[in-house]
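S.K.: This one is query_16.cif, mmCIF, C-alpha atoms and all ligand atoms; chains and numbers go by the auth columns.
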data_work
loop_
_atom_site.group_PDB
_atom_site.id
_atom_site.type_symbol
_atom_site.label_atom_id
_atom_site.label_comp_id
_atom_site.label_asym_id
_atom_site.label_seq_id
_atom_site.Cartn_x
_atom_site.Cartn_y
_atom_site.Cartn_z
_atom_site.B_iso_or_equiv
_atom_site.auth_seq_id
_atom_site.auth_asym_id
ATOM 1 C CA MET A 1 30.250 -6.728 5.188 0.00 1 D
ATOM 2 C CA LYS A 2 27.498 -8.937 3.782 0.00 2 D
ATOM 3 C CA ASN A 3 26.774 -10.533 7.160 0.00 3 D
ATOM 4 C CA PHE A 4 26.641 -7.117 8.698 0.00 4 D
ATOM 5 C CA ILE A 5 23.991 -5.976 6.217 0.00 5 D
ATOM 6 C CA ILE A 6 21.926 -9.116 6.782 0.00 6 D
ATOM 7 C CA ARG A 7 21.965 -8.539 10.524 0.00 7 D
ATOM 8 C CA MET A 8 21.128 -4.891 10.018 0.00 8 D
ATOM 9 C CA VAL A 9 18.074 -5.591 7.838 0.00 9 D
ATOM 10 C CA ALA A 10 16.856 -8.255 10.273 0.00 10 D
ATOM 11 C CA ALA A 11 17.407 -5.968 13.266 0.00 11 D
ATOM 12 C CA ASN A 12 15.586 -3.078 11.608 0.00 12 D
ATOM 13 C CA ILE A 13 12.571 -5.277 10.848 0.00 13 D
ATOM 14 C CA GLN A 14 12.575 -6.619 14.395 0.00 14 D
ATOM 15 C CA LYS A 15 12.699 -3.115 15.861 0.00 15 D
ATOM 16 C CA ILE A 16 9.797 -1.838 13.737 0.00 16 D
ATOM 17 C CA ASN A 17 7.707 -4.923 14.467 0.00 17 D
ATOM 18 C CA ASP A 18 8.297 -4.374 18.202 0.00 18 D
ATOM 19 C CA GLU A 19 7.037 -0.810 17.846 0.00 19 D
ATOM 20 C CA ILE A 20 3.988 -1.920 15.874 0.00 20 D
ATOM 21 C CA SER A 21 3.162 -4.633 18.415 0.00 21 D
ATOM 22 C CA ASN A 22 0.237 -6.067 16.399 0.00 22 D
ATOM 23 C CA ARG A 23 -1.449 -2.728 15.735 0.00 23 D
ATOM 24 C CA ALA A 24 -0.626 -2.897 12.011 0.00 24 D
ATOM 25 C CA LYS A 25 1.200 -4.917 9.378 0.00 25 D
ATOM 26 C CA LEU A 26 4.607 -3.954 8.074 0.00 26 D
ATOM 27 C CA ILE A 27 5.054 -3.615 4.324 0.00 27 D
ATOM 28 C CA ALA A 28 8.782 -3.622 3.550 0.00 28 D
ATOM 29 C CA VAL A 29 9.207 -1.182 0.660 0.00 29 D
ATOM 30 C CA SER A 30 11.940 -2.727 -1.468 0.00 30 D
ATOM 31 C CA LYS A 31 11.867 -0.442 -4.528 0.00 31 D
ATOM 32 C CA THR A 32 15.314 0.018 -6.144 0.00 32 D
ATOM 33 C CA LYS A 33 16.790 -2.682 -3.865 0.00 33 D
ATOM 34 C CA PRO A 34 18.224 -5.875 -5.424 0.00 34 D
ATOM 35 C CA VAL A 35 16.717 -9.333 -4.901 0.00 35 D
ATOM 36 C CA GLU A 36 19.655 -10.313 -2.638 0.00 36 D
ATOM 37 C CA THR A 37 18.667 -7.597 -0.184 0.00 37 D
ATOM 38 C CA ILE A 38 14.993 -8.592 -0.304 0.00 38 D
ATOM 39 C CA LEU A 39 16.038 -12.181 0.386 0.00 39 D
ATOM 40 C CA GLU A 40 17.776 -11.004 3.551 0.00 40 D
ATOM 41 C CA ALA A 41 14.516 -9.521 4.773 0.00 41 D
ATOM 42 C CA TYR A 42 12.713 -12.694 3.710 0.00 42 D
ATOM 43 C CA GLN A 43 15.139 -14.801 5.735 0.00 43 D
ATOM 44 C CA ALA A 44 14.384 -12.561 8.704 0.00 44 D
ATOM 45 C CA GLY A 45 10.725 -13.602 8.351 0.00 45 D
ATOM 46 C CA GLN A 46 9.363 -10.669 6.348 0.00 46 D
ATOM 47 C CA ARG A 47 6.743 -11.772 3.801 0.00 47 D
ATOM 48 C CA ILE A 48 5.028 -8.540 2.652 0.00 48 D
ATOM 49 C CA PHE A 49 6.905 -6.313 0.219 0.00 49 D
ATOM 50 C CA GLY A 50 5.927 -3.099 -1.533 0.00 50 D
ATOM 51 C CA GLU A 51 7.075 -1.873 -4.932 0.00 51 D
ATOM 52 C CA ASN A 52 6.115 1.227 -6.880 0.00 52 D
ATOM 53 C CA LYS A 53 6.988 0.154 -10.422 0.00 53 D
ATOM 54 C CA VAL A 54 5.280 -2.636 -12.339 0.00 54 D
ATOM 55 C CA GLN A 55 8.281 -3.906 -14.296 0.00 55 D
ATOM 56 C CA GLU A 56 10.511 -3.992 -11.254 0.00 56 D
ATOM 57 C CA MET A 57 7.883 -5.846 -9.219 0.00 57 D
ATOM 58 C CA VAL A 58 7.345 -8.440 -11.954 0.00 58 D
ATOM 59 C CA ALA A 59 11.087 -9.133 -12.263 0.00 59 D
ATOM 60 C CA LYS A 60 11.439 -9.558 -8.507 0.00 60 D
ATOM 61 C CA GLN A 61 8.338 -11.722 -8.212 0.00 61 D
ATOM 62 C CA ILE A 62 9.815 -14.143 -10.757 0.00 62 D
ATOM 63 C CA ALA A 63 13.153 -14.293 -8.949 0.00 63 D
ATOM 64 C CA LEU A 64 11.953 -14.595 -5.353 0.00 64 D
ATOM 65 C CA PRO A 65 10.042 -17.149 -3.214 0.00 65 D
ATOM 66 C CA LYS A 66 6.408 -17.533 -4.181 0.00 66 D
ATOM 67 C CA ASP A 67 4.963 -17.067 -0.706 0.00 67 D
ATOM 68 C CA ILE A 68 5.853 -13.371 -0.794 0.00 68 D
ATOM 69 C CA GLU A 69 2.847 -11.005 -0.764 0.00 69 D
ATOM 70 C CA TRP A 70 3.507 -8.242 -3.305 0.00 70 D
ATOM 71 C CA HIS A 71 1.814 -4.876 -2.752 0.00 71 D
ATOM 72 C CA LEU A 72 1.811 -2.266 -5.494 0.00 72 D
ATOM 73 C CA ILE A 73 2.116 1.123 -3.783 0.00 73 D
ATOM 74 C CA GLY A 74 2.951 3.410 -6.717 0.00 74 D
ATOM 75 C CA HIS A 75 0.869 4.984 -9.453 0.00 75 D
ATOM 76 C CA LEU A 76 -0.544 2.327 -11.794 0.00 76 D
ATOM 77 C CA GLN A 77 -1.188 2.845 -15.502 0.00 77 D
ATOM 78 C CA SER A 78 -4.151 0.939 -16.924 0.00 78 D
ATOM 79 C CA ASN A 79 -2.115 -0.726 -19.655 0.00 79 D
ATOM 80 C CA LYS A 80 0.228 -2.307 -17.072 0.00 80 D
ATOM 81 C CA VAL A 81 -2.384 -3.969 -14.853 0.00 81 D
ATOM 82 C CA LYS A 82 -2.178 -7.186 -16.876 0.00 82 D
ATOM 83 C CA TYR A 83 1.457 -7.798 -15.870 0.00 83 D
ATOM 84 C CA ILE A 84 0.753 -7.886 -12.138 0.00 84 D
ATOM 85 C CA ALA A 85 -2.782 -9.322 -12.156 0.00 85 D
ATOM 86 C CA PRO A 86 -1.579 -12.950 -11.933 0.00 86 D
ATOM 87 C CA PHE A 87 0.081 -12.483 -8.537 0.00 87 D
ATOM 88 C CA VAL A 88 -0.365 -9.051 -6.906 0.00 88 D
ATOM 89 C CA ALA A 89 -1.748 -9.282 -3.349 0.00 89 D
ATOM 90 C CA MET A 90 -2.983 -5.710 -3.035 0.00 90 D
ATOM 91 C CA ILE A 91 -3.019 -2.529 -5.116 0.00 91 D
ATOM 92 C CA HIS A 92 -2.797 0.567 -2.887 0.00 92 D
ATOM 93 C CA SER A 93 -3.017 3.171 -5.634 0.00 93 D
ATOM 94 C CA VAL A 94 -6.502 2.961 -7.137 0.00 94 D
ATOM 95 C CA ASP A 95 -7.465 6.511 -8.062 0.00 95 D
ATOM 96 C CA SER A 96 -10.279 6.115 -10.604 0.00 96 D
ATOM 97 C CA TYR A 97 -13.303 4.001 -11.452 0.00 97 D
ATOM 98 C CA LYS A 98 -11.772 3.295 -14.842 0.00 98 D
ATOM 99 C CA LEU A 99 -8.678 1.742 -13.256 0.00 99 D
ATOM 100 C CA LEU A 100 -10.872 -0.358 -10.975 0.00 100 D
ATOM 101 C CA GLU A 101 -12.744 -1.673 -14.028 0.00 101 D
ATOM 102 C CA ILE A 102 -9.514 -2.720 -15.694 0.00 102 D
ATOM 103 C CA ILE A 103 -8.169 -4.370 -12.544 0.00 103 D
ATOM 104 C CA ASN A 104 -11.462 -6.261 -12.342 0.00 104 D
ATOM 105 C CA LYS A 105 -11.178 -7.437 -15.945 0.00 105 D
ATOM 106 C CA GLU A 106 -7.597 -8.637 -15.530 0.00 106 D
ATOM 107 C CA ALA A 107 -8.389 -10.296 -12.190 0.00 107 D
ATOM 108 C CA GLN A 108 -11.251 -12.160 -13.852 0.00 108 D
ATOM 109 C CA LYS A 109 -8.943 -13.412 -16.619 0.00 109 D
ATOM 110 C CA ASN A 110 -6.692 -14.829 -13.927 0.00 110 D
ATOM 111 C CA LYS A 111 -9.631 -16.233 -11.924 0.00 111 D
ATOM 112 C CA ARG A 112 -8.563 -14.135 -8.954 0.00 112 D
ATOM 113 C CA ILE A 113 -10.024 -11.491 -6.678 0.00 113 D
ATOM 114 C CA ILE A 114 -7.613 -8.575 -6.336 0.00 114 D
ATOM 115 C CA LYS A 115 -7.620 -6.511 -3.156 0.00 115 D
ATOM 116 C CA CYS A 116 -7.583 -2.761 -3.744 0.00 116 D
ATOM 117 C CA LEU A 117 -7.200 0.387 -1.683 0.00 117 D
ATOM 118 C CA LEU A 118 -8.543 3.771 -2.732 0.00 118 D
ATOM 119 C CA GLN A 119 -5.707 6.283 -2.787 0.00 119 D
ATOM 120 C CA ILE A 120 -6.763 9.526 -1.144 0.00 120 D
ATOM 121 C CA PHE A 121 -5.007 12.851 -1.574 0.00 121 D
ATOM 122 C CA ILE A 122 -4.285 14.097 1.953 0.00 122 D
ATOM 123 C CA ALA A 123 -1.131 16.201 1.507 0.00 123 D
ATOM 124 C CA HIS A 124 -0.869 19.948 1.078 0.00 124 D
ATOM 125 C CA GLU A 125 1.325 19.455 -1.979 0.00 125 D
ATOM 126 C CA GLU A 126 0.877 19.480 -5.716 0.00 126 D
ATOM 127 C CA SER A 127 2.803 16.329 -6.575 0.00 127 D
ATOM 128 C CA LYS A 128 0.940 13.554 -4.780 0.00 128 D
ATOM 129 C CA PHE A 129 -1.568 11.280 -6.503 0.00 129 D
ATOM 130 C CA GLY A 130 -4.973 10.367 -5.173 0.00 130 D
ATOM 131 C CA MET A 131 -8.641 11.319 -5.044 0.00 131 D
ATOM 132 C CA ASP A 132 -10.284 13.937 -2.879 0.00 132 D
ATOM 133 C CA ARG A 133 -13.427 13.251 -0.824 0.00 133 D
ATOM 134 C CA THR A 134 -15.804 14.271 -3.608 0.00 134 D
ATOM 135 C CA GLU A 135 -14.082 12.019 -6.128 0.00 135 D
ATOM 136 C CA VAL A 136 -14.034 8.988 -3.865 0.00 136 D
ATOM 137 C CA LEU A 137 -17.728 9.449 -2.999 0.00 137 D
ATOM 138 C CA GLU A 138 -18.512 9.679 -6.695 0.00 138 D
ATOM 139 C CA LEU A 139 -16.564 6.476 -7.351 0.00 139 D
ATOM 140 C CA LEU A 140 -18.347 4.584 -4.577 0.00 140 D
ATOM 141 C CA ASN A 141 -21.758 5.884 -5.624 0.00 141 D
ATOM 142 C CA ASN A 142 -21.277 4.586 -9.149 0.00 142 D
ATOM 143 C CA PRO A 143 -23.997 1.932 -9.551 0.00 143 D
ATOM 144 C CA ALA A 144 -21.796 -0.005 -11.975 0.00 144 D
ATOM 145 C CA LEU A 145 -19.395 -0.765 -9.112 0.00 145 D
ATOM 146 C CA LYS A 146 -21.654 -3.619 -7.972 0.00 146 D
ATOM 147 C CA VAL A 147 -20.885 -5.712 -11.046 0.00 147 D
ATOM 148 C CA LEU A 148 -17.128 -5.646 -10.431 0.00 148 D
ATOM 149 C CA ASP A 149 -16.960 -8.969 -8.621 0.00 149 D
ATOM 150 C CA SER A 150 -13.259 -9.723 -9.114 0.00 150 D
ATOM 151 C CA ILE A 151 -12.024 -6.838 -7.011 0.00 151 D
ATOM 152 C CA GLU A 152 -12.363 -6.256 -3.291 0.00 152 D
ATOM 153 C CA ILE A 153 -12.117 -2.708 -1.957 0.00 153 D
ATOM 154 C CA CYS A 154 -10.331 -3.142 1.380 0.00 154 D
ATOM 155 C CA GLY A 155 -9.789 0.426 2.515 0.00 155 D
ATOM 156 C CA VAL A 156 -7.839 3.599 1.832 0.00 156 D
ATOM 157 C CA MET A 157 -4.251 4.726 1.359 0.00 157 D
ATOM 158 C CA GLY A 158 -2.629 8.125 1.727 0.00 158 D
ATOM 159 C CA MET A 159 0.711 9.898 1.879 0.00 159 D
ATOM 160 C CA ALA A 160 1.265 12.806 4.226 0.00 160 D
ATOM 161 C CA SER A 161 3.056 15.979 3.184 0.00 161 D
ATOM 162 C CA ASN A 162 6.822 15.891 3.017 0.00 162 D
ATOM 163 C CA THR A 163 7.300 18.362 5.867 0.00 163 D
ATOM 164 C CA ASP A 164 8.882 18.696 9.302 0.00 164 D
ATOM 165 C CA ASP A 165 5.587 19.975 10.683 0.00 165 D
ATOM 166 C CA LEU A 166 4.504 16.994 12.768 0.00 166 D
ATOM 167 C CA VAL A 167 1.186 18.596 13.649 0.00 167 D
ATOM 168 C CA GLN A 168 0.320 18.903 9.976 0.00 168 D
ATOM 169 C CA ILE A 169 1.317 15.273 9.320 0.00 169 D
ATOM 170 C CA ARG A 170 -0.810 14.119 12.244 0.00 170 D
ATOM 171 C CA ASN A 171 -3.780 16.158 10.999 0.00 171 D
ATOM 172 C CA GLU A 172 -3.466 14.653 7.518 0.00 172 D
ATOM 173 C CA PHE A 173 -3.434 11.109 8.908 0.00 173 D
ATOM 174 C CA ARG A 174 -6.350 11.956 11.201 0.00 174 D
ATOM 175 C CA GLY A 175 -8.292 13.244 8.199 0.00 175 D
ATOM 176 C CA LEU A 176 -7.661 9.998 6.341 0.00 176 D
ATOM 177 C CA LYS A 177 -8.893 7.954 9.298 0.00 177 D
ATOM 178 C CA GLN A 178 -12.021 10.134 9.471 0.00 178 D
ATOM 179 C CA LEU A 179 -12.711 9.631 5.780 0.00 179 D
ATOM 180 C CA PHE A 180 -12.154 5.886 6.193 0.00 180 D
ATOM 181 C CA THR A 181 -14.764 5.836 8.964 0.00 181 D
ATOM 182 C CA GLU A 182 -17.218 7.828 6.880 0.00 182 D
ATOM 183 C CA LEU A 183 -16.797 5.479 3.913 0.00 183 D
ATOM 184 C CA LYS A 184 -17.076 2.440 6.169 0.00 184 D
ATOM 185 C CA ASN A 185 -20.333 3.706 7.658 0.00 185 D
ATOM 186 C CA THR A 186 -21.782 4.801 4.324 0.00 186 D
ATOM 187 C CA PHE A 187 -20.762 2.005 1.952 0.00 187 D
ATOM 188 C CA PHE A 188 -19.113 -0.928 3.746 0.00 188 D
ATOM 189 C CA LEU A 189 -20.856 -1.395 7.070 0.00 189 D
ATOM 190 C CA ASN A 190 -21.443 -5.108 6.498 0.00 190 D
ATOM 191 C CA GLN A 191 -18.139 -5.756 4.789 0.00 191 D
ATOM 192 C CA SER A 192 -15.476 -6.876 7.243 0.00 192 D
ATOM 193 C CA SER A 193 -12.865 -6.807 4.475 0.00 193 D
ATOM 194 C CA PHE A 194 -13.080 -2.990 4.361 0.00 194 D
ATOM 195 C CA ARG A 195 -10.683 -2.437 7.251 0.00 195 D
ATOM 196 C CA GLU A 196 -7.316 -1.178 5.979 0.00 196 D
ATOM 197 C CA ILE A 197 -5.786 2.265 6.382 0.00 197 D
ATOM 198 C CA SER A 198 -2.440 2.281 4.585 0.00 198 D
ATOM 199 C CA MET A 199 -0.495 5.231 5.984 0.00 199 D
ATOM 200 C CA GLY A 200 2.958 5.911 7.397 0.00 200 D
ATOM 201 C CA MET A 201 6.451 5.682 5.916 0.00 201 D
ATOM 202 C CA SER A 202 9.964 5.734 7.454 0.00 202 D
ATOM 203 C CA SER A 203 9.696 9.346 8.579 0.00 203 D
ATOM 204 C CA ASP A 204 6.148 9.306 9.943 0.00 204 D
ATOM 205 C CA TYR A 205 5.001 5.742 10.685 0.00 205 D
ATOM 206 C CA LYS A 206 4.960 6.296 14.451 0.00 206 D
ATOM 207 C CA ILE A 207 2.444 9.127 14.062 0.00 207 D
ATOM 208 C CA ALA A 208 0.485 7.011 11.569 0.00 208 D
ATOM 209 C CA LEU A 209 0.257 4.146 14.067 0.00 209 D
ATOM 210 C CA GLU A 210 -1.043 6.514 16.742 0.00 210 D
ATOM 211 C CA GLU A 211 -3.658 7.743 14.258 0.00 211 D
ATOM 212 C CA GLY A 212 -4.918 4.263 13.409 0.00 212 D
ATOM 213 C CA SER A 213 -2.816 2.956 10.525 0.00 213 D
ATOM 214 C CA THR A 214 -3.251 -0.757 9.770 0.00 214 D
ATOM 215 C CA LEU A 215 -0.558 -0.997 7.075 0.00 215 D
ATOM 216 C CA ILE A 216 2.699 0.923 7.299 0.00 216 D
ATOM 217 C CA ARG A 217 4.960 1.160 4.246 0.00 217 D
ATOM 218 C CA VAL A 218 8.573 1.425 5.356 0.00 218 D
ATOM 219 C CA GLY A 219 11.588 1.385 3.032 0.00 219 D
ATOM 220 C CA SER A 220 14.709 3.340 3.921 0.00 220 D
ATOM 221 C CA LEU A 221 14.519 2.597 7.625 0.00 221 D
ATOM 222 C CA ILE A 222 14.828 -1.123 6.824 0.00 222 D
ATOM 223 C CA PHE A 223 17.110 -1.183 3.791 0.00 223 D
ATOM 224 C CA GLY A 224 18.986 2.111 4.089 0.00 224 D
ATOM 225 C CA GLU A 225 18.767 5.199 1.912 0.00 225 D
ATOM 226 C CA ARG A 226 17.998 4.753 -1.763 0.00 226 D
HETATM 227 C C1 LIG B . 8.895 4.813 -1.355 0.00 1 J
HETATM 228 C C2 LIG B . 7.549 4.750 -0.749 0.00 1 J
HETATM 229 C C3 LIG B . 7.386 4.436 0.622 0.00 1 J
HETATM 230 C C4 LIG B . 8.543 4.178 1.563 0.00 1 J
HETATM 231 O O1 LIG B . 9.298 5.321 1.766 0.00 1 J
HETATM 232 P P1 LIG B . 10.474 5.360 2.878 0.00 1 J
HETATM 233 O O2 LIG B . 10.611 6.795 3.182 0.00 1 J
HETATM 234 O O3 LIG B . 11.679 4.776 2.219 0.00 1 J
HETATM 235 O O4 LIG B . 10.025 4.554 4.024 0.00 1 J
HETATM 236 C C5 LIG B . 6.084 4.367 1.103 0.00 1 J
HETATM 237 N N1 LIG B . 5.026 4.592 0.322 0.00 1 J
HETATM 238 C C6 LIG B . 5.142 4.902 -0.976 0.00 1 J
HETATM 239 C C7 LIG B . 3.915 5.138 -1.783 0.00 1 J
HETATM 240 C C8 LIG B . 6.409 4.997 -1.560 0.00 1 J
HETATM 241 O O5 LIG B . 6.516 5.303 -2.860 0.00 1 J
#
Since I need it in another form, could you write the structure as structure tokens?

M.R.:
Amino acid sequence: MKNFIIRMVAANIQKINDEISNRAKLIAVSKTKPVETILEAYQAGQRIFGENKVQEMVAKQIALPKDIEWHLIGHLQSNKVKYIAPFVAMIHSVDSYKLLEIINKEAQKNKRIIKCLLQIFIAHEESKFGMDRTEVLELLNNPALKVLDSIEICGVMGMASNTDDLVQIRNEFRGLKQLFTELKNTFFLNQSSFREISMGMSSDYKIALEEGSTLIRVGSLIFGER
């Protein structure tokens, strides 16, 4: 049974990577999965993992190889930034200037520069986190942003609606790409590090890739249902 699962995880990763074919990077979303399962993906060559809870990510980071790149993809409370600041590779869920300030402070304490994505609300649903266009423009127009030199804003992240309407999903991803381009042209034209569009999960990553995703976040398709 165990060997079967190992081969399954490895085969799933291989299949997704073939589909990506260098258009984007694969973030293996390992939330709720035990370290043994993550190790199977690691042994298959996967090095980027995504978690949505701080405590869970910290526990796994301690237990697993240190060359893993940990991406926080879930909502982040200000008072928990300090636990991940020593190691986190990228935070996808920045949704306020205040949070950015705190990430900057904790990054500085650790003598690191932490990569961040601005989470944008693109779904037609109540429950999803993120900023709208007005809020993100306000954040980027804040003159105090310039002094935050221990963070690097690398792009945007969004989650499409949980719907079977593929046209709607595609339109939401297309809107995120458009906003990315607008922000790039307005605020980051000379900053090559502003280049990431984190969009696409198990159910919609193929559409996301077609719409210009650079980071897909896939969980259940690799590790099975949670
Ligand atoms: C859980 C999660 C994913 C992965 O979802 P799957 O449907 O299992 O691929 C991607 N992004 C975020 C923000 C998540 O919380």

S.K.: Using all atoms listed in the file for the distances, tell me which of D:Lys115, D:Arg7, D:Arg217, D:Arg133 is nearest to D:Leu100.

M.R.: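 Nearest candidate to D:Leu100 out of D:Lys115, D:Arg7, D:Arg217, D:Arg133: D:Lys115.
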
S.K.: Would you please work out which residue, of D:Val147, D:Leu139, D:Ala44, D:Val29, is nearest to ligand LIG 1 (chain J) when using only C-alpha atoms and all ligand atoms?

M.R.: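 Of D:Val147, D:Leu139, D:Ala44, D:Val29, the one nearest ligand LIG 1 (chain J) is D:Val29, counting only C-alpha atoms and all ligand atoms.
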
S.K.: Distance atom CA of D:Ile73-atom O5 of ligand LIG 1 (chain J), one decimal place?

M.R.: 6.1 Å

S.K.: Box for ligand LIG 1 (chain J) - axis-aligned, 6 Å on each of the six sides, all listed atoms - centre and size in Å to one decimal, as AutoDock Vina command-line options.

M.R.:
--center_x 7.8 --center_y 5.5 --center_z 0.6 --size_x 19.8 --size_y 14.6 --size_z 18.9

S.K.: Report as a Markdown table: every residue of chain D with an atom at most 7 Å from ligand LIG 1 (chain J), its closest pair of atoms, and their distance in Å to one decimal, counting all atoms listed in the file, with rows sorted by chain and ascending residue number.

M.R.:
| residue | atom | partner | partner_atom | distance |
| --- | --- | --- | --- | --- |
| D:Val29 | CA | J:LIG1 | C4 | 5.5 |
| D:Lys31 | CA | J:LIG1 | C1 | 6.8 |
| D:Asn52 | CA | J:LIG1 | O5 | 5.7 |
| D:Ile73 | CA | J:LIG1 | C7 | 4.8 |
| D:Gly74 | CA | J:LIG1 | C7 | 5.3 |
| D:Met159 | CA | J:LIG1 | C7 | 6.8 |
| D:Met201 | CA | J:LIG1 | O4 | 4.2 |
| D:Ser202 | CA | J:LIG1 | O4 | 3.6 |
| D:Ser203 | CA | J:LIG1 | O2 | 6.0 |
| D:Arg217 | CA | J:LIG1 | C5 | 4.6 |
| D:Val218 | CA | J:LIG1 | O4 | 3.7 |
| D:Gly219 | CA | J:LIG1 | O3 | 3.5 |
| D:Ser220 | CA | J:LIG1 | O3 | 3.8 |
| D:Leu221 | CA | J:LIG1 | O4 | 6.1 |

S.K.: Would you write out those residues with C-alpha atoms, as an mmCIF file, keeping the file's coordinate frame?

M.R.:
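New file part_16.cif:
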data_model
loop_
_atom_site.group_PDB
_atom_site.id
_atom_site.type_symbol
_atom_site.label_atom_id
_atom_site.label_comp_id
_atom_site.auth_asym_id
_atom_site.auth_seq_id
_atom_site.Cartn_x
_atom_site.Cartn_y
_atom_site.Cartn_z
ATOM 1 C CA VAL D 29 9.207 -1.182 0.660
ATOM 2 C CA LYS D 31 11.867 -0.442 -4.528
ATOM 3 C CA ASN D 52 6.115 1.227 -6.880
ATOM 4 C CA ILE D 73 2.116 1.123 -3.783
ATOM 5 C CA GLY D 74 2.951 3.410 -6.717
ATOM 6 C CA MET D 159 0.711 9.898 1.879
ATOM 7 C CA MET D 201 6.451 5.682 5.916
ATOM 8 C CA SER D 202 9.964 5.734 7.454
ATOM 9 C CA SER D 203 9.696 9.346 8.579
ATOM 10 C CA ARG D 217 4.960 1.160 4.246
ATOM 11 C CA VAL D 218 8.573 1.425 5.356
ATOM 12 C CA GLY D 219 11.588 1.385 3.032
ATOM 13 C CA SER D 220 14.709 3.340 3.921
ATOM 14 C CA LEU D 221 14.519 2.597 7.625
#

S.K.: Any chance you could work out the residue set of the PyMOL selection byres (((chain D and resi 26) around 9) and not hetatm) here, as a CSV table (one decimal) with C-alpha atoms, keeping the file's coordinate frame?

M.R.:
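The new file selection-v9.csv reads:
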chain,number,residue,atom,x,y,z
D,13,ILE,CA,12.6,-5.3,10.8
D,16,ILE,CA,9.8,-1.8,13.7
D,17,ASN,CA,7.7,-4.9,14.5
D,20,ILE,CA,4.0,-1.9,15.9
D,24,ALA,CA,-0.6,-2.9,12.0
D,25,LYS,CA,1.2,-4.9,9.4
D,27,ILE,CA,5.1,-3.6,4.3
D,28,ALA,CA,8.8,-3.6,3.6
D,46,GLN,CA,9.4,-10.7,6.3
D,48,ILE,CA,5.0,-8.5,2.7
D,49,PHE,CA,6.9,-6.3,0.2
D,214,THR,CA,-3.3,-0.8,9.8
D,215,LEU,CA,-0.6,-1.0,7.1
D,216,ILE,CA,2.7,0.9,7.3
D,217,ARG,CA,5.0,1.2,4.2
D,218,VAL,CA,8.6,1.4,5.4

S.K.: Applied to this file, what does the PyMOL selection byres (((chain D and resi 83-97) around 7) and not hetatm) return in terms of residues, put as a PyMOL selection string?

M.R.: chain D and resi 54+58+69-76+80-82+98-101+106-107+110+114-119+130-131+139+157

S.K.: Atoms to include: C-alpha atoms. Write the selected residues as a tab-separated table (two decimals), keeping the file's coordinate frame.

M.R.:
chain	number	residue	atom	x	y	z
D	54	VAL	CA	5.28	-2.64	-12.34
D	58	VAL	CA	7.34	-8.44	-11.95
D	69	GLU	CA	2.85	-11.00	-0.76
D	70	TRP	CA	3.51	-8.24	-3.30
D	71	HIS	CA	1.81	-4.88	-2.75
D	72	LEU	CA	1.81	-2.27	-5.49
D	73	ILE	CA	2.12	1.12	-3.78
D	74	GLY	CA	2.95	3.41	-6.72
D	75	HIS	CA	0.87	4.98	-9.45
D	76	LEU	CA	-0.54	2.33	-11.79
D	80	LYS	CA	0.23	-2.31	-17.07
D	81	VAL	CA	-2.38	-3.97	-14.85
D	82	LYS	CA	-2.18	-7.19	-16.88
D	98	LYS	CA	-11.77	3.30	-14.84
D	99	LEU	CA	-8.68	1.74	-13.26
D	100	LEU	CA	-10.87	-0.36	-10.98
D	101	GLU	CA	-12.74	-1.67	-14.03
D	106	GLU	CA	-7.60	-8.64	-15.53
D	107	ALA	CA	-8.39	-10.30	-12.19
D	110	ASN	CA	-6.69	-14.83	-13.93
D	114	ILE	CA	-7.61	-8.57	-6.34
D	115	LYS	CA	-7.62	-6.51	-3.16
D	116	CYS	CA	-7.58	-2.76	-3.74
D	117	LEU	CA	-7.20	0.39	-1.68
D	118	LEU	CA	-8.54	3.77	-2.73
D	119	GLN	CA	-5.71	6.28	-2.79
D	130	GLY	CA	-4.97	10.37	-5.17
D	131	MET	CA	-8.64	11.32	-5.04
D	139	LEU	CA	-16.56	6.48	-7.35
D	157	MET	CA	-4.25	4.73	1.36

S.K.: To one decimal in Å, tell me the separation between atom CA of D:Ala11 and atom CA of D:Ile197.

M.R.: 25.6 Å

S.K.: Neighbouring residues of stretch 36-42 of chain D were defined as those with any atom within 8 Å, considering all atoms listed in the file; residues of the same chain fewer than 4 positions away were excluded. Please report them as a list in words.

M.R.: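 My reading of the contact set: Ile6, Val9, Ala10, Ile13, Ser30, Gln46, Arg47, Leu64 and Phe223 of chain D.
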
S.K.: Which of these, D:Met8, D:Ile122, D:Ile103, D:Ile62, has the shortest distance to D:Leu179 once you count all atoms listed in the file?

M.R.: D:Ile122

S.K.: Nearest residue to D:Glu211 out of D:Lys105, D:Lys66, D:Lys15, D:Lys177, using all atoms listed in the file?

M.R.: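 Of the candidates, the smallest distance to D:Glu211 is held by D:Lys177.
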